[in-house]
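Below is run-v9.txt, holding compact mmCIF, C-alpha atoms.
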# COMPACT_ATOMS: atom_id res chain seq x y z
CA MET A 1 0.00 0.00 0.00
CA LYS A 2 3.01 2.26 0.50
CA THR A 3 3.44 3.27 -3.16
CA LEU A 4 -0.23 4.04 -3.62
CA THR A 5 -0.33 6.11 -0.42
CA ILE A 6 2.60 8.27 -1.46
CA VAL A 7 1.15 8.86 -4.91
CA VAL A 8 -2.26 9.84 -3.54
CA ALA A 9 -0.77 12.13 -0.90
CA PHE A 10 1.35 13.87 -3.51
CA ILE A 11 -1.55 14.32 -5.92
CA THR A 12 -3.66 15.63 -3.08
CA VAL A 13 -1.34 18.54 -2.42
CA VAL A 14 -0.38 19.28 -6.00
CA SER A 15 -3.82 19.11 -7.58
CA PHE A 16 -5.85 20.55 -4.68
CA LEU A 17 -8.17 17.54 -4.65
CA SER A 18 -11.28 17.87 -2.50
CA ALA A 19 -12.42 15.29 0.01
CA GLN A 20 -13.90 12.82 -2.45
CA VAL A 21 -15.76 9.93 -0.87
CA PRO A 22 -17.14 6.71 -2.41
CA VAL A 23 -20.72 6.67 -3.65
CA LYS A 24 -23.01 4.03 -2.15
CA LYS A 25 -23.94 2.48 -5.46
CA ASP A 26 -23.56 -1.06 -6.78
CA LEU A 27 -21.62 -0.47 -9.97
CA MET A 28 -21.19 -4.15 -10.80
CA GLN A 29 -24.91 -4.59 -11.41
CA MET A 30 -24.67 -1.97 -14.15
CA PHE A 31 -22.75 -4.44 -16.28
CA GLU A 32 -25.82 -6.67 -16.34
CA LYS A 33 -28.05 -3.83 -17.54
CA ILE A 34 -26.09 -2.98 -20.68
CA PRO A 35 -27.91 -4.19 -23.82
CA ALA A 36 -25.58 -6.59 -25.59
CA PRO A 37 -24.71 -5.99 -29.27
CA PRO A 38 -27.42 -7.25 -31.66
CA ALA A 39 -27.23 -10.58 -33.45
CA THR A 40 -28.01 -9.18 -36.91
CA ALA A 41 -28.56 -5.89 -38.68
CA LYS A 42 -32.22 -6.76 -39.16
CA ASP A 43 -32.60 -7.48 -35.47
CA ALA A 44 -30.99 -4.15 -34.63
CA PHE A 45 -33.25 -2.24 -37.01
CA THR A 46 -36.45 -3.79 -35.69
CA LYS A 47 -35.61 -2.94 -32.06
CA ILE A 48 -34.46 0.66 -32.35
CA ILE A 49 -36.01 3.79 -33.78
CA ALA A 50 -35.32 4.63 -37.42
CA GLY A 51 -35.52 8.27 -38.36
CA GLY A 52 -34.30 10.75 -40.94
CA GLY A 53 -36.75 9.74 -43.65
CA LEU A 54 -36.09 7.63 -46.72
CA ALA A 55 -33.59 10.06 -48.18
CA SER A 56 -31.27 9.85 -45.19
CA PRO A 57 -32.19 7.03 -42.80
CA LYS A 58 -30.73 7.37 -39.33
CA CYS A 59 -31.01 4.84 -36.56
CA SER A 60 -30.83 5.79 -32.93
CA ALA A 61 -30.61 3.37 -30.01
CA GLU A 62 -31.32 6.16 -27.54
CA LYS A 63 -34.45 4.54 -26.08
CA LEU A 64 -32.75 1.17 -25.76
CA PHE A 65 -29.82 2.66 -23.84
CA SER A 66 -31.54 5.59 -22.08
CA ALA A 67 -32.00 3.79 -18.75
CA ILE A 68 -28.41 2.61 -18.32
CA GLU A 69 -26.97 5.88 -19.65
CA LYS A 70 -29.10 7.83 -17.17
CA GLU A 71 -27.90 5.58 -14.37
CA THR A 72 -24.25 6.27 -15.18
CA LYS A 73 -24.88 10.01 -15.44
CA ASP A 74 -26.69 9.99 -12.10
CA PHE A 75 -23.70 8.25 -10.54
CA GLU A 76 -21.32 10.85 -11.96
CA ALA A 77 -23.53 13.65 -10.64
CA GLU A 78 -23.56 12.13 -7.16
CA TYR A 79 -19.81 11.51 -7.34
CA VAL A 80 -19.18 15.18 -8.09
CA ALA A 81 -21.67 16.34 -5.48
CA GLN A 82 -19.88 14.34 -2.77
CA ALA A 83 -16.54 15.99 -3.48
CA LYS A 84 -16.52 18.52 -0.66
CA ALA A 85 -13.46 20.16 0.81
CA GLY A 86 -13.41 20.80 4.52
CA PRO A 87 -11.59 20.31 7.83
CA GLY A 88 -11.16 16.73 8.95
CA SER A 89 -10.67 15.40 5.43
CA ASN A 90 -6.92 15.46 5.46
CA ALA A 91 -4.42 13.50 3.46
CA PRO A 92 -2.90 10.72 5.59
CA GLY A 93 -0.38 12.12 8.02
CA MET A 94 -1.02 15.75 7.06
CA SER A 95 -0.80 18.02 10.10
CA GLN A 96 -3.81 20.08 11.10
CA GLU A 97 -1.78 23.20 10.40
CA ASN A 98 -1.10 22.12 6.83
CA ALA A 99 -4.69 20.95 6.44
CA ASN A 100 -6.00 24.33 7.52
CA LYS A 101 -3.57 26.00 5.16
CA MET A 102 -4.76 23.88 2.25
CA ASN A 103 -8.41 24.64 3.02
CA ASP A 104 -7.90 28.38 3.41
CA PRO A 105 -9.60 30.23 0.47
CA GLU A 106 -6.77 32.73 0.15
CA MET A 107 -4.19 29.97 0.03
CA ARG A 108 -6.18 28.18 -2.67
CA LYS A 109 -6.21 31.35 -4.76
CA LYS A 110 -2.47 31.70 -4.30
CA MET A 111 -1.87 28.06 -5.24
CA LYS A 112 -3.84 28.43 -8.45
CA LYS A 113 -1.33 31.09 -9.54
CA MET A 114 1.68 28.93 -8.75
CA THR A 115 3.72 27.25 -11.46
CA LYS A 116 3.85 23.47 -11.62
CA GLU A 117 7.36 23.56 -10.14
CA GLU A 118 6.23 25.75 -7.22
CA ARG A 119 3.33 23.42 -6.46
CA MET A 120 5.65 20.40 -6.55
CA GLN A 121 8.06 22.13 -4.17
CA MET A 122 5.21 22.94 -1.80
CA ALA A 123 4.03 19.33 -1.95
CA ALA A 124 7.52 18.08 -1.18
CA GLU A 125 7.77 20.35 1.87
CA MET A 126 4.44 19.16 3.22
CA MET A 127 5.30 15.51 2.64
CA LYS A 128 8.46 15.90 4.74
CA SER A 129 6.29 16.34 7.82
CA MET A 130 4.22 13.23 7.11
CA PRO A 131 4.90 10.03 9.05
CA THR A 132 5.97 6.79 7.44
CA PRO A 133 3.43 5.81 4.77
CA GLY A 134 1.07 3.12 5.95
CA THR A 135 0.58 4.31 9.54
CA ALA A 136 -2.52 6.32 8.68
CA GLN A 137 -4.07 3.39 6.86
CA ALA A 138 -3.53 1.25 9.95
CA MET A 139 -6.23 3.38 11.59
CA ASP A 140 -8.82 2.07 9.11
CA PRO A 141 -11.10 -0.80 10.21
CA PRO A 142 -10.14 -4.26 8.88
CA LEU A 143 -12.92 -4.40 6.27
CA ILE A 144 -11.84 -1.09 4.78
CA ARG A 145 -8.21 -2.17 4.72
CA ALA A 146 -9.30 -5.36 2.97
CA ALA A 147 -10.94 -3.30 0.21
CA LEU A 148 -7.80 -1.17 -0.09
CA ASP A 149 -5.58 -4.25 -0.27
CA GLU A 150 -7.77 -5.75 -2.99
CA TRP A 151 -7.58 -2.55 -5.01
CA GLN A 152 -3.80 -2.53 -4.52
CA LEU A 153 -3.64 -5.89 -6.30
CA ILE A 154 -5.50 -4.38 -9.25
CA TYR A 155 -3.35 -1.25 -9.12
CA ASN A 156 -0.17 -3.35 -9.17
CA ASP A 157 -1.31 -4.91 -12.45
CA THR A 158 -1.72 -1.53 -14.14
CA GLN A 159 1.24 -1.96 -16.48
CA ASN A 160 0.14 -5.39 -17.64
CA GLU A 161 -3.39 -4.13 -18.12
CA PHE A 162 -2.14 -1.19 -20.15
CA GLN A 163 -0.13 -3.45 -22.43
CA ARG A 164 -3.06 -5.82 -22.88
CA SER A 165 -5.43 -2.96 -23.64
CA ALA A 166 -3.00 -1.44 -26.11
CA ALA A 167 -2.68 -4.77 -27.93
CA GLU A 168 -6.46 -5.17 -28.02
CA GLN A 169 -6.87 -1.65 -29.34
CA GLN A 170 -4.40 -2.28 -32.14
CA GLU A 171 -6.20 -5.47 -33.07
CA GLU A 172 -9.55 -3.69 -33.04
CA LEU A 173 -8.23 -0.90 -35.25
CA LYS A 174 -7.14 -3.50 -37.80
CA LEU A 175 -10.52 -5.19 -37.70
CA VAL A 176 -12.32 -1.88 -38.20
CA GLU A 177 -10.00 -0.93 -41.05
CA GLU A 178 -10.65 -4.25 -42.80
CA TYR A 179 -14.38 -3.84 -42.21
CA MET A 180 -14.45 -0.36 -43.74
CA LYS A 181 -12.36 -1.52 -46.70
CA SER A 182 -14.81 -4.35 -47.32
CA HIS A 183 -17.75 -1.93 -47.37
CA ALA A 184 -15.80 0.31 -49.73
CA ALA A 185 -15.15 -2.67 -52.00
CA ILE A 186 -18.90 -3.35 -52.17
CA GLU A 187 -19.53 0.26 -53.12
CA THR A 188 -16.90 -0.03 -55.86
CA TRP A 189 -18.60 -3.20 -57.11
CA GLU A 190 -21.97 -1.42 -57.14
CA THR A 191 -20.61 1.51 -59.14
CA ALA A 192 -18.98 -0.84 -61.65
CA GLU A 193 -22.16 -2.93 -62.07
CA ILE A 194 -24.30 0.15 -62.68
CA ALA A 195 -21.79 1.38 -65.24
CA LYS A 196 -22.24 -1.88 -67.16
CA LEU A 197 -26.00 -1.41 -67.54
CA PRO A 198 -27.29 -0.43 -70.97
CA GLN A 199 -28.32 3.18 -71.37
CA ILE A 200 -31.94 4.18 -72.01
CA SER A 201 -32.36 7.31 -74.11
CA SER A 202 -34.96 9.92 -73.30
CA GLY A 203 -34.67 12.82 -75.71
CA GLU A 204 -31.14 14.09 -75.49
CA MET A 205 -30.59 12.40 -72.16
CA SER A 206 -29.60 8.80 -71.47
CA ALA A 207 -29.24 6.83 -68.27
CA PRO A 208 -29.30 3.23 -67.03
CA ASP A 209 -32.68 1.61 -66.59
CA PRO A 210 -33.85 2.70 -63.07
CA ALA A 211 -35.35 -0.73 -62.41
CA LYS A 212 -32.04 -2.45 -63.14
CA VAL A 213 -30.14 0.14 -61.10
CA LYS A 214 -32.45 -0.62 -58.21
CA GLN A 215 -31.71 -4.34 -58.56
CA VAL A 216 -27.98 -3.68 -58.40
CA LYS A 217 -28.39 -1.42 -55.37
CA LEU A 218 -30.47 -4.06 -53.61
CA LYS A 219 -27.80 -6.68 -54.27
CA SER A 220 -25.25 -4.25 -52.91
CA ALA A 221 -27.39 -3.65 -49.80
CA VAL A 222 -27.62 -7.39 -49.21
CA LYS A 223 -23.83 -7.62 -49.40
CA HIS A 224 -23.44 -4.74 -46.92
CA ILE A 225 -25.86 -6.39 -44.50
CA ALA A 226 -24.09 -9.75 -44.76
CA LEU A 227 -20.81 -7.99 -43.99
CA ALA A 228 -22.38 -6.14 -41.06
CA ASP A 229 -23.78 -9.40 -39.68
CA LYS A 230 -20.36 -11.02 -39.90
CA ARG A 231 -18.85 -8.05 -38.11
CA LEU A 232 -21.49 -8.34 -35.37
CA GLU A 233 -20.38 -11.89 -34.67
CA VAL A 234 -16.90 -10.59 -33.92
CA ILE A 235 -18.21 -7.64 -31.91
CA GLN A 236 -20.46 -9.87 -29.81
CA SER A 237 -17.63 -12.27 -28.99
CA ARG A 238 -15.07 -9.58 -28.13
CA TRP A 239 -17.59 -7.44 -26.25
CA ARG A 240 -18.79 -10.34 -24.09
CA ALA A 241 -15.24 -11.49 -23.35
CA SER A 242 -14.26 -7.97 -22.34
CA LEU A 243 -17.34 -7.59 -20.16
CA ASP A 244 -16.77 -10.91 -18.40
CA ARG A 245 -13.11 -10.06 -17.83
CA ALA A 246 -14.08 -6.75 -16.21
CA LYS A 247 -16.66 -8.41 -13.98
CA THR A 248 -14.10 -10.97 -12.85
CA LYS A 249 -11.36 -8.41 -12.34
CA TYR A 250 -13.37 -5.94 -10.26
CA GLY A 251 -15.97 -8.24 -8.70
CA THR A 252 -14.00 -9.25 -5.60
CA PHE A 253 -12.89 -5.69 -4.91
CA HIS A 254 -16.44 -4.41 -5.19
CA LYS A 255 -17.75 -7.04 -2.79
CA LYS A 256 -15.15 -5.95 -0.26
CA LEU A 257 -16.02 -2.30 -0.82
CA VAL A 258 -19.68 -3.06 -0.12
CA ALA A 259 -18.71 -5.12 2.94
CA ALA A 260 -16.75 -2.09 4.16
CA ASP A 261 -19.90 0.03 3.75
CA TYR A 262 -18.10 2.09 1.10
CA ALA A 263 -15.47 3.20 3.67
CA VAL A 264 -17.95 5.45 5.46
CA ASP A 265 -16.09 4.90 8.76
CA SER A 266 -12.67 5.81 7.39
CA LYS A 267 -11.08 8.98 8.71
CA ASN A 268 -8.37 9.03 6.06
CA PHE A 269 -8.54 11.28 3.02
CA SER A 270 -6.44 8.95 0.88
CA THR A 271 -8.54 5.91 1.74
CA LYS A 272 -11.75 7.50 0.52
CA LYS A 273 -10.01 9.13 -2.44
CA VAL A 274 -8.44 5.85 -3.60
CA LEU A 275 -11.69 3.92 -3.23
CA SER A 276 -13.79 6.60 -4.91
CA ASP A 277 -11.29 6.75 -7.79
CA ALA A 278 -11.58 2.97 -8.00
CA GLN A 279 -15.32 3.36 -8.38
CA MET A 280 -14.83 5.87 -11.16
CA THR A 281 -12.47 3.46 -12.91
CA ILE A 282 -15.19 0.82 -12.89
CA LEU A 283 -17.78 3.34 -14.09
CA LYS A 284 -15.60 4.31 -17.06
CA ILE A 285 -15.36 0.65 -18.03
CA VAL A 286 -19.14 0.33 -17.82
CA GLN A 287 -19.51 3.41 -20.02
CA HIS A 288 -16.97 2.05 -22.49
CA HIS A 289 -19.04 -1.10 -22.97
CA ILE A 290 -22.20 0.96 -23.33
CA VAL A 291 -20.63 3.01 -26.13
CA LEU A 292 -19.32 -0.05 -27.95
CA SER A 293 -22.67 -1.81 -27.84
CA ARG A 294 -24.72 1.25 -28.80
CA GLU A 295 -22.47 1.95 -31.76
CA SER A 296 -22.90 -1.63 -32.97
CA TRP A 297 -26.70 -1.30 -32.80
CA GLU A 298 -26.80 1.96 -34.72
CA GLU A 299 -24.16 1.10 -37.30
CA SER A 300 -25.60 -2.29 -38.20
CA ALA A 301 -29.20 -1.04 -38.22
CA SER A 302 -28.24 1.67 -40.69
CA TRP A 303 -27.49 -0.96 -43.37
CA GLN A 304 -30.92 -2.50 -42.94
CA ALA A 305 -32.44 0.99 -43.09
CA LYS A 306 -30.61 1.65 -46.34
CA ARG A 307 -32.00 -1.54 -47.86
CA ILE A 308 -35.54 -0.56 -46.89
CA ARG A 309 -35.01 2.88 -48.39
CA ILE A 310 -33.95 1.30 -51.69
CA GLU A 311 -36.91 -1.10 -51.65
CA LYS A 312 -39.35 1.77 -51.16
CA SER A 313 -37.76 4.08 -53.72

Please rewrite the model in this file as structure tokens.
Amino acid sequence: MKTLTIVVAFITVVSFLSAQVPVKKDLMQMFEKIPAPPATAKDAFTKIIAGGGLASPKCSAEKLFSAIEKETKDFEAEYVAQAKAGPGSNAPGMSQENANKMNDPEMRKKMKKMTKEERMQMAAEMMKSMPTPGTAQAMDPPLIRAALDEWQLIYNDTQNEFQRSAAEQQEELKLVEEYMKSHAAIETWETAEIAKLPQISSGEMSAPDPAKVKQVKLKSAVKHIALADKRLEVIQSRWRASLDRAKTKYGTFHKKLVAADYAVDSKNFSTKKVLSDAQMTILKIVQHHIVLSRESWEESASWQAKRIRIEKS
């Protein structure tokens, strides 16, 4: 816990963080409320609202995701509302004199005008008066320390997690690039097929037979939908694996946080700050999966909407 304590104490002084406390909210249950990516483009289209008219069909999954998106926004609002600066919410080991200095309005104004180097120097001076890291945390009840220890295990794996995420992101970028190229290839095929159609003269004007053009466009739409459906298979698999990994990774910590009653009995600034930041980390992962799923619904549904537009034209 020593490394994490030092980092939090330093950030506290340098960044003027307020006394953030954990929010009493079960974040893990949010994972279960996220609508999973659709199975097919047709399925996506039939379950979300299509708008924009025939000329420019647009599909929005707002209603499908409104409940879970509102829940995450409500959490963020409560998280911000609970960030209150005041006496008694000191960084671990910070003297009352330094705490009062940090909470003084005039001092805060002065600190805002300081350079980064001046703030770092001030932080260093304050940290000199702090006792050995870890003594303040010893004051926390066992259940709270258990939650902190569990989060420390996750924190210690940060580098490995970063590397894994970076590798996954690179793989996803390649998949998306291939997907977009495949759609572009279908569009090229469509243009070439229409160009092959015999021209019908009308006065001085000539153009391909509209009925045959429509047939080509419908074939093209079918190809786009088939490609979208294939892409959804990949999205579903990767999305579910990522979701399950997150639930496994953060599940034990969250159970311990709940058992500790969200650290309500802790008197340490860093304890509450670390645990509330941990909550926000989990929330961001929830939001990430919401975005990925919603995008898959709207993108795939748009191909089905395009086909319907062609059929009705």

Find the residues around A:Gln287 up to 8 Å (only C-alpha atoms counted), leave out those fewer than 3 positions away in its own chain, and share them as number ranges by chain. A: 69, 72, 283-284, 290-291

As a PyMOL selection string, please: the residues near A:Tyr250 (cut-off 10 Å, all atoms listed in the file, same-chain neighbours under 4 positions excluded). chain A and resi 27-28+150-151+154+245-246+254-255+278-279+281-282

Put those residues in a file: C-alpha atoms, as a compact mmCIF listing (two decimals), in the coordinates of the input.
# COMPACT_ATOMS: atom_id res chain seq x y z
CA LEU A 27 -21.62 -0.47 -9.97
CA MET A 28 -21.19 -4.15 -10.80
CA GLU A 150 -7.77 -5.75 -2.99
CA TRP A 151 -7.58 -2.55 -5.01
CA ILE A 154 -5.50 -4.38 -9.25
CA ARG A 245 -13.11 -10.06 -17.83
CA ALA A 246 -14.08 -6.75 -16.21
CA HIS A 254 -16.44 -4.41 -5.19
CA LYS A 255 -17.75 -7.04 -2.79
CA ALA A 278 -11.58 2.97 -8.00
CA GLN A 279 -15.32 3.36 -8.38
CA THR A 281 -12.47 3.46 -12.91
CA ILE A 282 -15.19 0.82 -12.89

Atom CA of A:Lys181 sits from atom CA of A:Thr40 at a separation of 20.0 Å

Among listed residues A:Phe45, A:Phe162, A:Tyr179, A:Phe31, nearest A:Gln304 (using all atoms listed in the file): A:Phe45

What is the atom CA of A:Lys47 to atom CA of A:Lys33 distance in Å?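 Pair atom CA of A:Lys47 / atom CA of A:Lys33 returns 16.4 Å.
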
Could you state the separation of atom CA of A:Glu106 and atom CA of A:Ala83 in Å, given to one decimal place?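 Taking atom CA of A:Glu106 as the start and atom CA of A:Ala83 as the end point, the length is 19.7 Å.
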
Close residues, A:Ala39 itself excluded, 10 Å, all atoms listed in the file, min 3 positions apart in chain, as JSON, numbers by chain: {"A": [36, 42, 43, 44, 229, 230, 231, 232, 233, 235, 236, 296, 297, 300]}

List every protein, DNA or RNA residue with an atom no more than 12 Å from (-17.1, 2.4, -26.1) in the file's coordinates, counting only C-alpha atoms, and format the result as an MDAnalysis selection string. chainID A and resid 34 37 169 172 235 239 242:243 284:296

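Using all atoms listed in the file, the nearest neighbour of A:Ala241 within the list A:Arg309, A:Glu168, A:Leu197, A:Thr271 is A:Glu168.
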
Where's the centre, and what are the edge lengths in Å to one decimal, of a box along x, y and z enclosing all listed atoms of stretch 185-198 of chain A padded 4 Å per side, as JSON?
{"center_x": -21.2, "center_y": -0.9, "center_z": -61.5, "size_x": 20.1, "size_y": 12.9, "size_z": 27.0}

Of the candidates A:His224, A:Lys214, A:Lys219, A:Lys73, which shows the shortest atom-to-atom distance to A:Ser182, using only C-alpha atoms? A:His224

List as number ranges by chain the residues having at least one atom at most 10 Å from position (-24.0, 0.9, -5.1) as given in the file, counting all atoms listed in the file. A: 22-30, 75, 254, 257-258, 261-262, 279

Could you name the residues that touch A:Glu311 at 8 Å or less, counting only C-alpha atoms, but leaving out those on the same chain fewer than 3 positions away, as a PyMOL selection string? chain A and resi 214+218+307-308

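Minimum distance to A:Met122 across A:Val176, A:Leu148, A:Met107, A:Ala260 (counting all atoms listed in the file) occurs at A:Met107.
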
Please determine, counting all atoms listed in the file, which residue among A:Leu175, A:Val80, A:Ser66, A:Val216 has the shortest atom-to-atom distance to A:Val234. A:Leu175
